[in-house]
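**Student:** Below you will find the structure I want to go over with you.
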Amino acid sequence: MSHYWTSDLADRPSFFGRIDPRLRFSLFLSALGVISAARGRLLFGATLFLIGVMLFSVAASAKFRRSVLRALLALLPFGAFVVFLMLLSRGTGGPSPLLRGLCSLILIALFVTTMGFDELREVLRSLRVPSIFITLLGFVYRYFFLFREELEKMDMALKNRSFSSSRLEGWRLKALLIGQVLLRSYRRSEEVYRAMTARGYDGKER
Amino acid sequence: MERRDNVIEVRGLSYRYPGGERALEGVSFAVRKGEAFAVVGPNGSGKTTLLLSLMGLLKFKGEIRILGHQLNGKGLRELRRKIGFVFQDPDTQLFMPTVGEDVAFGPQQFGYSGDEAKRMVKEALRAVRMEGYEGRFTHRLSYGEKKKIALATALVLSPEILIFDEPTSNLDPASRREFLDLIGGLNCTRIFATHDMDMVRRIADRVLVLFEGRKAAECDVESLFKSPENLRKWRLA
């Protein structure tokens with residue numbers, strides 16, 4: 001199934017995978033901090049460095065190359081949307097938003113392809129991140145795949161019954177589809193809360 | 001209706017949806033200790049609403065007594081330790097990322113230590129023939145596997161009463177047979193809402209028939225199947 005790949009990627013051996021996960025996580029956060037704060041030449045240099053790291057890693061392994069490319073492709077629409085928003089906001093003219101967007105994409109792609117979900121939670125626990133945050137992260141991970149699967153099924157149903165060749169109409173239907181998934185997620189959240197309550201949950205983190 | 005061996009007594013249970021539409025009206029019945037009690041009825045007859053009410057998950061009118069305790073705000077959490085609930089959709093029931101964490105959720109809520117919870121998880125998984133699945137990601141399981149793990153999450157606290165909502169829906173024939181064997185082999189009191197009349201015939205001792213939110217009959221299984229006319233009238237055949 002297509003939705004398995006994200007968690008499978010990190011299980012594969014890689015150069016980055018051999019680095020201590022805590023160090024990897026700290027490097028990821030530090031790099032995000034640097035690209036958020038960097039301006040001008042520093043930002044340009046950081047971009048070149050990250051591109052270099054990515055090229056080095058994909059050159060080192062064919063499997064890794066496919067993984068990184070797939071992660072980049074999956075993240076691209078989100079990245080493009082963020083960059084679009086940044087371009088619309090004041091005082092962020094020039095190439096900076098694009099470079100930051102590109103750096104973020106590369107960083108996230110490298111991160112998700114080298115850090116498994118279990119590994120990430122272990123790192124967060126060892127860094128004494130509050131357990132409620134880790135639990136919530138678990139819920140997000142658990143239901144991400146479910147909603148993606150629901151979206152895919154609904155998209156298939158939509159394709160099966162839509163006969164309009166208009167691209168605009170296609171986008172309108174896609175927007176409706178996403179709205180439906182959000183509504184379903186709201187209903188699902190109520191059902192999950194009931195399931196938790198039935199198993200003794202009373203709002204306290206244990 | 002009052003008998004010493006009744007573990008559940010329901011009197012005049014009514015429930016209306018927030019929009020005002022009636023879901024249940026004046027339903028009364030009793031479930032005896034150790035029996036397999038089926039709740040049957042067509043779609044929209046109020047089966048799931050009734051089960052959710054038994055868990056104290058809905059605000060209903062009427063009286064429900066479970067294991068001798070009035071079902072109201074007081075002691076509800078403690079009562080839930082003794083009642084397991086298996087939801088129709090396992091994706092609702094299994095909300096944690098891994099099987100082990102999910103099965104351990106109940107014991108953790110009731111304050112069991114890490115080691116004890118691990119032992120309980122192991123036992124519950126063995127009971128549903130899913131040993132060694134602790135570390136598996138929930139989203140990678142098949143539907144049949146999810147159903148069994150959902151049962152393990154309910155069994156882990158060794159409940160006195162187990163409630164199932166449509167336990168065999170969407171299962172392939174082999175998974176259905178396995179799941180029925182599991183349910184049939186349990187010793188506790190079992191209540192299940194279902195459309196699966198073959199399951200009722202095979203497992204249930206007694207049956208409650210709901211029709212349009214009201215009790216249409218409460219009888220033993222043989223009596224239910226003796227009257228094909230009634231089965232058709234209640235849209236069960």
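To be explicit about the labels: the chains of the structure tokens are called A, B, and onward in the order shown, and within each one the residues are counted from 1, while ligands get numbers from 1 in the order they are shown.
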When the cut-off is 7 Å and we count only C-alpha atoms, which residues of chain A are near chain B, given as an mmCIF file with all heavy atoms, in the first residue's frame?
**Tutor:**
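Generated file (result30.cif):
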```
data_model
loop_
_atom_site.group_PDB
_atom_site.id
_atom_site.type_symbol
_atom_site.label_atom_id
_atom_site.label_comp_id
_atom_site.auth_asym_id
_atom_site.auth_seq_id
_atom_site.Cartn_x
_atom_site.Cartn_y
_atom_site.Cartn_z
ATOM 1 N N GLY A 138 1.640 10.844 18.725
ATOM 2 C CA GLY A 138 1.231 9.467 18.401
ATOM 3 C C GLY A 138 -0.126 9.447 17.732
ATOM 4 O O GLY A 138 -0.337 8.737 16.742
ATOM 5 N N PHE A 139 -1.069 10.239 18.248
ATOM 6 C CA PHE A 139 -2.407 10.311 17.645
ATOM 7 C C PHE A 139 -2.316 10.831 16.212
ATOM 8 O O PHE A 139 -2.961 10.320 15.309
ATOM 9 C CB PHE A 139 -3.308 11.262 18.439
ATOM 10 C CG PHE A 139 -3.831 10.683 19.721
ATOM 11 C CD1 PHE A 139 -4.459 11.487 20.651
ATOM 12 C CD2 PHE A 139 -3.710 9.343 20.007
ATOM 13 C CE1 PHE A 139 -4.947 10.973 21.841
ATOM 14 C CE2 PHE A 139 -4.183 8.800 21.184
ATOM 15 C CZ PHE A 139 -4.809 9.625 22.097
ATOM 16 N N TYR A 141 0.189 10.719 14.194
ATOM 17 C CA TYR A 141 0.800 9.693 13.345
ATOM 18 C C TYR A 141 -0.212 8.596 13.014
ATOM 19 O O TYR A 141 -0.348 8.166 11.879
ATOM 20 C CB TYR A 141 2.001 9.099 14.077
ATOM 21 C CG TYR A 141 2.778 8.100 13.257
ATOM 22 C CD1 TYR A 141 3.648 8.523 12.257
ATOM 23 C CD2 TYR A 141 2.640 6.734 13.478
ATOM 24 C CE1 TYR A 141 4.361 7.608 11.503
ATOM 25 C CE2 TYR A 141 3.354 5.817 12.725
ATOM 26 C CZ TYR A 141 4.209 6.262 11.745
ATOM 27 O OH TYR A 141 4.904 5.358 10.999
ATOM 28 N N ARG A 142 -0.943 8.158 14.058
ATOM 29 C CA ARG A 142 -1.919 7.076 13.884
ATOM 30 C C ARG A 142 -2.990 7.454 12.860
ATOM 31 O O ARG A 142 -3.342 6.677 11.979
ATOM 32 C CB ARG A 142 -2.555 6.749 15.244
ATOM 33 C CG ARG A 142 -3.809 5.913 15.202
ATOM 34 C CD ARG A 142 -3.501 4.479 14.902
ATOM 35 N NE ARG A 142 -4.714 3.677 14.814
ATOM 36 C CZ ARG A 142 -5.351 3.416 13.685
ATOM 37 N NH1 ARG A 142 -4.906 3.876 12.538
ATOM 38 N NH2 ARG A 142 -6.439 2.670 13.681
ATOM 39 N N PHE A 145 -2.443 8.364 8.549
ATOM 40 C CA PHE A 145 -2.577 7.325 7.523
ATOM 41 C C PHE A 145 -4.042 7.029 7.225
ATOM 42 O O PHE A 145 -4.421 6.790 6.093
ATOM 43 C CB PHE A 145 -1.866 6.047 7.970
ATOM 44 C CG PHE A 145 -0.391 6.247 8.115
ATOM 45 C CD1 PHE A 145 0.183 6.383 9.360
ATOM 46 C CD2 PHE A 145 0.415 6.336 6.997
ATOM 47 C CE1 PHE A 145 1.544 6.587 9.492
ATOM 48 C CE2 PHE A 145 1.780 6.545 7.118
ATOM 49 C CZ PHE A 145 2.343 6.663 8.377
ATOM 50 N N GLU A 191 -15.805 10.103 18.214
ATOM 51 C CA GLU A 191 -15.878 8.642 18.429
ATOM 52 C C GLU A 191 -14.649 8.148 19.190
ATOM 53 O O GLU A 191 -14.755 7.310 20.084
ATOM 54 C CB GLU A 191 -15.986 7.921 17.081
ATOM 55 C CG GLU A 191 -17.340 8.106 16.425
ATOM 56 C CD GLU A 191 -17.361 7.617 14.986
ATOM 57 O OE1 GLU A 191 -16.307 7.213 14.464
ATOM 58 O OE2 GLU A 191 -18.446 7.659 14.376
ATOM 59 N N VAL A 192 -13.481 8.696 18.828
ATOM 60 C CA VAL A 192 -12.248 8.276 19.494
ATOM 61 C C VAL A 192 -12.296 8.687 20.972
ATOM 62 O O VAL A 192 -11.882 7.924 21.856
ATOM 63 C CB VAL A 192 -11.010 8.882 18.787
ATOM 64 C CG1 VAL A 192 -9.745 8.676 19.610
ATOM 65 C CG2 VAL A 192 -10.825 8.241 17.421
ATOM 66 N N ARG A 194 -14.911 8.905 22.793
ATOM 67 C CA ARG A 194 -15.782 7.923 23.454
ATOM 68 C C ARG A 194 -15.019 6.631 23.744
ATOM 69 O O ARG A 194 -15.139 6.049 24.811
ATOM 70 C CB ARG A 194 -16.967 7.590 22.549
ATOM 71 C CG ARG A 194 -18.137 8.476 22.783
ATOM 72 C CD ARG A 194 -19.303 7.983 21.969
ATOM 73 N NE ARG A 194 -20.309 9.012 21.885
ATOM 74 C CZ ARG A 194 -21.137 9.167 20.877
ATOM 75 N NH1 ARG A 194 -21.080 8.357 19.857
ATOM 76 N NH2 ARG A 194 -22.029 10.116 20.900
ATOM 77 N N ALA A 195 -14.242 6.201 22.734
ATOM 78 C CA ALA A 195 -13.473 4.949 22.897
ATOM 79 C C ALA A 195 -12.475 5.098 24.042
ATOM 80 O O ALA A 195 -12.269 4.163 24.822
ATOM 81 C CB ALA A 195 -12.752 4.606 21.603
ATOM 82 N N ALA A 198 -14.378 5.029 27.335
ATOM 83 C CA ALA A 198 -14.819 3.668 27.655
ATOM 84 C C ALA A 198 -13.692 2.849 28.266
ATOM 85 O O ALA A 198 -13.935 1.873 28.962
ATOM 86 C CB ALA A 198 -15.330 2.979 26.386
ATOM 87 N N ARG A 199 -12.448 3.261 28.004
ATOM 88 C CA ARG A 199 -11.310 2.503 28.539
ATOM 89 C C ARG A 199 -10.663 3.214 29.727
ATOM 90 O O ARG A 199 -9.491 2.992 30.040
ATOM 91 C CB ARG A 199 -10.301 2.241 27.426
ATOM 92 C CG ARG A 199 -10.824 1.125 26.515
ATOM 93 C CD ARG A 199 -10.177 1.130 25.174
ATOM 94 N NE ARG A 199 -8.787 0.770 25.231
ATOM 95 C CZ ARG A 199 -7.956 0.874 24.209
ATOM 96 N NH1 ARG A 199 -8.390 1.325 23.057
ATOM 97 N NH2 ARG A 199 -6.709 0.524 24.326
ATOM 98 N N GLY A 200 -11.433 4.080 30.373
ATOM 99 C CA GLY A 200 -10.986 4.645 31.645
ATOM 100 C C GLY A 200 -10.364 6.025 31.572
ATOM 101 O O GLY A 200 -9.951 6.568 32.599
ATOM 102 N N TYR A 201 -10.293 6.618 30.381
ATOM 103 C CA TYR A 201 -9.692 7.950 30.267
ATOM 104 C C TYR A 201 -10.617 8.989 30.884
ATOM 105 O O TYR A 201 -11.822 8.981 30.627
ATOM 106 C CB TYR A 201 -9.442 8.278 28.787
ATOM 107 C CG TYR A 201 -8.812 9.621 28.553
ATOM 108 C CD1 TYR A 201 -7.484 9.842 28.880
ATOM 109 C CD2 TYR A 201 -9.539 10.670 28.010
ATOM 110 C CE1 TYR A 201 -6.890 11.076 28.661
ATOM 111 C CE2 TYR A 201 -8.959 11.912 27.786
ATOM 112 C CZ TYR A 201 -7.634 12.101 28.112
ATOM 113 O OH TYR A 201 -7.060 13.331 27.902
ATOM 114 N N ARG A 206 -1.716 9.805 31.976
ATOM 115 C CA ARG A 206 -1.085 8.857 32.914
ATOM 116 C C ARG A 206 0.070 8.134 32.252
ATOM 117 O O ARG A 206 0.021 7.872 31.096
ATOM 118 C CB ARG A 206 -2.108 7.840 33.406
ATOM 119 C CG ARG A 206 -3.143 8.453 34.289
ATOM 120 C CD ARG A 206 -4.112 7.408 34.793
ATOM 121 N NE ARG A 206 -5.019 7.982 35.755
ATOM 122 C CZ ARG A 206 -6.174 8.567 35.458
ATOM 123 N NH1 ARG A 206 -6.530 8.649 34.206
ATOM 124 N NH2 ARG A 206 -6.949 9.070 36.389
#
```
**Student:** Compile the contact shell of segment 120-130 of chain A as a PyMOL selection string: residues with an atom at most 10 Å away, counting only C-alpha atoms, same-chain residues fewer than 6 positions apart removed.
**Tutor:** chain A and resi 20-26+112+137-138
**Student:** Now that the selection is made, can you save its residues with all heavy atoms as a short mmCIF file (atom, residue, chain, number, x, y, z; two decimals), in the first residue's frame?
**Tutor:**
```
data_model
loop_
_atom_site.label_atom_id
_atom_site.label_comp_id
_atom_site.auth_asym_id
_atom_site.auth_seq_id
_atom_site.Cartn_x
_atom_site.Cartn_y
_atom_site.Cartn_z
N ASP A 20 23.89 9.17 16.01
CA ASP A 20 23.03 9.07 17.19
C ASP A 20 21.74 9.86 16.96
O ASP A 20 21.79 11.03 16.54
CB ASP A 20 23.78 9.63 18.41
CG ASP A 20 22.97 9.48 19.67
OD1 ASP A 20 23.07 8.42 20.29
OD2 ASP A 20 22.21 10.42 19.99
N PRO A 21 20.57 9.25 17.22
CA PRO A 21 19.31 9.94 16.91
C PRO A 21 19.13 11.28 17.62
O PRO A 21 18.57 12.21 17.07
CB PRO A 21 18.23 8.96 17.36
CG PRO A 21 18.90 7.78 17.93
CD PRO A 21 20.36 7.88 17.68
N ARG A 22 19.67 11.36 18.87
CA ARG A 22 19.55 12.64 19.59
C ARG A 22 20.33 13.73 18.89
O ARG A 22 19.89 14.87 18.76
CB ARG A 22 20.03 12.49 21.04
CG ARG A 22 19.01 11.78 21.91
CD ARG A 22 19.59 11.34 23.19
NE ARG A 22 20.69 10.40 22.96
CZ ARG A 22 21.38 9.80 23.91
NH1 ARG A 22 21.13 10.06 25.17
NH2 ARG A 22 22.34 8.95 23.63
N LEU A 23 21.53 13.35 18.41
CA LEU A 23 22.36 14.31 17.69
C LEU A 23 21.68 14.72 16.39
O LEU A 23 21.64 15.90 16.02
CB LEU A 23 23.73 13.69 17.41
CG LEU A 23 24.74 14.59 16.70
CD1 LEU A 23 25.06 15.81 17.55
CD2 LEU A 23 26.03 13.82 16.40
N ARG A 24 21.09 13.73 15.70
CA ARG A 24 20.38 14.01 14.45
C ARG A 24 19.24 15.00 14.68
O ARG A 24 19.05 15.94 13.93
CB ARG A 24 19.80 12.70 13.90
CG ARG A 24 20.40 12.30 12.58
CD ARG A 24 19.75 11.04 12.08
NE ARG A 24 20.00 9.92 12.95
CZ ARG A 24 19.21 8.86 13.05
NH1 ARG A 24 18.10 8.79 12.34
NH2 ARG A 24 19.50 7.86 13.85
N PHE A 25 18.50 14.74 15.76
CA PHE A 25 17.35 15.60 16.07
C PHE A 25 17.83 17.02 16.39
O PHE A 25 17.25 18.01 15.92
CB PHE A 25 16.58 15.01 17.25
CG PHE A 25 15.32 15.74 17.57
CD1 PHE A 25 14.25 15.72 16.70
CD2 PHE A 25 15.19 16.47 18.75
CE1 PHE A 25 13.07 16.41 16.99
CE2 PHE A 25 14.03 17.16 19.04
CZ PHE A 25 12.96 17.12 18.16
N SER A 26 18.91 17.11 17.20
CA SER A 26 19.44 18.43 17.56
C SER A 26 19.95 19.16 16.32
O SER A 26 19.72 20.37 16.17
CB SER A 26 20.60 18.29 18.56
OG SER A 26 20.21 17.47 19.61
N VAL A 112 12.72 13.04 7.69
CA VAL A 112 11.73 11.94 7.70
C VAL A 112 12.28 10.66 7.08
O VAL A 112 11.79 9.57 7.35
CB VAL A 112 10.38 12.31 7.02
CG1 VAL A 112 9.69 13.43 7.73
CG2 VAL A 112 10.56 12.60 5.54
N LEU A 137 1.43 13.47 19.47
CA LEU A 137 2.18 13.16 18.26
C LEU A 137 1.82 11.76 17.77
O LEU A 137 1.66 11.52 16.57
CB LEU A 137 3.69 13.24 18.57
CG LEU A 137 4.64 13.34 17.39
CD1 LEU A 137 4.45 14.65 16.66
CD2 LEU A 137 6.08 13.22 17.85
N GLY A 138 1.64 10.84 18.72
CA GLY A 138 1.23 9.47 18.40
C GLY A 138 -0.13 9.45 17.73
O GLY A 138 -0.34 8.74 16.74
#
```
**Student:** Which of chain A end up as helix (DSSP H, G or I) when DSSP is run on this backbone - answer as a VMD selection string?
**Tutor:** chain A and resid 2 to 9 16 to 18 21 to 37 40 to 60 62 to 88 96 to 114 117 to 126 131 to 161 167 to 198
**Student:** Could you tell me how far atom CA of Met156 of chain A lies from atom CA of Tyr193 of chain A, in Å and to one decimal?
**Tutor:** 29.2 Å
**Student:** Find the distance between atom CA of Ala150 of chain B and atom CA of Asp181 of chain B and write it in Å to one decimal.
**Tutor:**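 Answer for the atom CA of Ala150 of chain B to atom CA of Asp181 of chain B separation: 15.4 Å.
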**Student:** Within 8 Å of Gly12 of chain B, counting only C-alpha atoms, which residues qualify if same-chain residues fewer than 3 places away don't, as number ranges by chain?
**Tutor:** B: 25-28, 61-63
**Student:** Find the residues around Leu180 of chain B up to 12 Å (only C-alpha atoms counted), leave out those fewer than 2 positions away in its own chain, and share them as number ranges by chain.
**Tutor:** B: 128, 144, 147-148, 151, 164, 166-169, 171-178, 182-186, 192, 196, 198-204
**Student:** I need the residue nearest Arg16 of chain B from this list: B:Thr189, B:Gln70, B:Ser53, B:Ser142. Use only C-alpha atoms for the distance.
**Tutor:**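 Nearest candidate to Arg16 of chain B out of B:Thr189, B:Gln70, B:Ser53, B:Ser142: B:Ser53.
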**Student:** Can you measure atom CA of Gln88 of chain B to atom CA of Asp165 of chain B for me? One decimal in Å is fine.
**Tutor:** 4.9 Å
**Student:** When distances are computed from only C-alpha atoms, which of A:Thr47, A:Ser166, A:Thr197, A:Ser131 shows the smallest separation from Ile106 of chain A?
**Tutor:**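 Checking each candidate against Ile106 of chain A, we get A:Thr47 as the closest.
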**Student:** For Leu176 of chain A, list every protein, DNA or RNA residue within 12 Å, evaluated using only C-alpha atoms, and leave out those in the same chain fewer than 5 positions away; present the list as a list in words.
**Tutor:**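 Counting only the stated atoms, we get Leu151, Met154, Asp155, Leu158, Glu169, Gly170, Trp171, Val181, Leu182 and Leu183 of chain A.
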**Student:** May I have the selected residues written with N, CA, C and O atoms, as a PDB file, in the first residue's frame?
**Tutor:**
```pdb
ATOM      1  N   LEU A 151      -9.053   9.907   2.155  1.00  0.00           N
ATOM      2  CA  LEU A 151      -8.967  10.889   1.076  1.00  0.00           C
ATOM      3  C   LEU A 151      -8.774  10.180  -0.265  1.00  0.00           C
ATOM      4  O   LEU A 151      -9.410  10.535  -1.263  1.00  0.00           O
ATOM      5  N   MET A 154     -12.057   8.546  -1.316  1.00  0.00           N
ATOM      6  CA  MET A 154     -13.032   9.538  -1.772  1.00  0.00           C
ATOM      7  C   MET A 154     -12.631  10.101  -3.124  1.00  0.00           C
ATOM      8  O   MET A 154     -13.483  10.355  -3.983  1.00  0.00           O
ATOM      9  N   ASP A 155     -11.326  10.273  -3.309  1.00  0.00           N
ATOM     10  CA  ASP A 155     -10.830  10.798  -4.585  1.00  0.00           C
ATOM     11  C   ASP A 155     -11.159   9.806  -5.714  1.00  0.00           C
ATOM     12  O   ASP A 155     -11.569  10.198  -6.806  1.00  0.00           O
ATOM     13  N   LEU A 158     -14.736  10.011  -6.484  1.00  0.00           N
ATOM     14  CA  LEU A 158     -14.989  11.259  -7.219  1.00  0.00           C
ATOM     15  C   LEU A 158     -14.629  11.091  -8.694  1.00  0.00           C
ATOM     16  O   LEU A 158     -15.407  11.441  -9.588  1.00  0.00           O
ATOM     17  N   GLU A 169     -13.364  23.090 -12.395  1.00  0.00           N
ATOM     18  CA  GLU A 169     -14.364  22.243 -11.741  1.00  0.00           C
ATOM     19  C   GLU A 169     -13.671  21.144 -10.927  1.00  0.00           C
ATOM     20  O   GLU A 169     -14.083  20.807  -9.826  1.00  0.00           O
ATOM     21  N   GLY A 170     -12.574  20.620 -11.497  1.00  0.00           N
ATOM     22  CA  GLY A 170     -11.795  19.596 -10.798  1.00  0.00           C
ATOM     23  C   GLY A 170     -11.269  20.112  -9.473  1.00  0.00           C
ATOM     24  O   GLY A 170     -11.370  19.443  -8.443  1.00  0.00           O
ATOM     25  N   TRP A 171     -10.723  21.328  -9.480  1.00  0.00           N
ATOM     26  CA  TRP A 171     -10.194  21.924  -8.239  1.00  0.00           C
ATOM     27  C   TRP A 171     -11.302  22.187  -7.230  1.00  0.00           C
ATOM     28  O   TRP A 171     -11.123  22.017  -6.032  1.00  0.00           O
ATOM     29  N   VAL A 181     -13.382  15.461   4.241  1.00  0.00           N
ATOM     30  CA  VAL A 181     -12.436  14.727   5.097  1.00  0.00           C
ATOM     31  C   VAL A 181     -12.320  15.432   6.458  1.00  0.00           C
ATOM     32  O   VAL A 181     -12.269  14.783   7.501  1.00  0.00           O
ATOM     33  N   LEU A 182     -12.323  16.767   6.431  1.00  0.00           N
ATOM     34  CA  LEU A 182     -12.254  17.510   7.699  1.00  0.00           C
ATOM     35  C   LEU A 182     -13.487  17.226   8.556  1.00  0.00           C
ATOM     36  O   LEU A 182     -13.390  17.036   9.766  1.00  0.00           O
ATOM     37  N   LEU A 183     -14.663  17.201   7.905  1.00  0.00           N
ATOM     38  CA  LEU A 183     -15.891  16.896   8.649  1.00  0.00           C
ATOM     39  C   LEU A 183     -15.827  15.491   9.251  1.00  0.00           C
ATOM     40  O   LEU A 183     -16.184  15.270  10.397  1.00  0.00           O
TER      41      LEU A 183
END
```
**Student:** Quick one: residues within 7 Å of segment 36-42 of chain B, only C-alpha atoms counted, chain neighbours fewer than 2 positions away excluded, as a list in words?
**Tutor:** Val31, Gly34, Gly44, Ser45, Lys47, Thr189, Arg190, Ile191, Phe192, Ala193, Thr194, His195, Val200, Ile203, Ala204, Asp205, Arg206, Val207, Leu208, Val209, Leu210, Phe211, Trp234, Arg235 and Leu236 of chain B
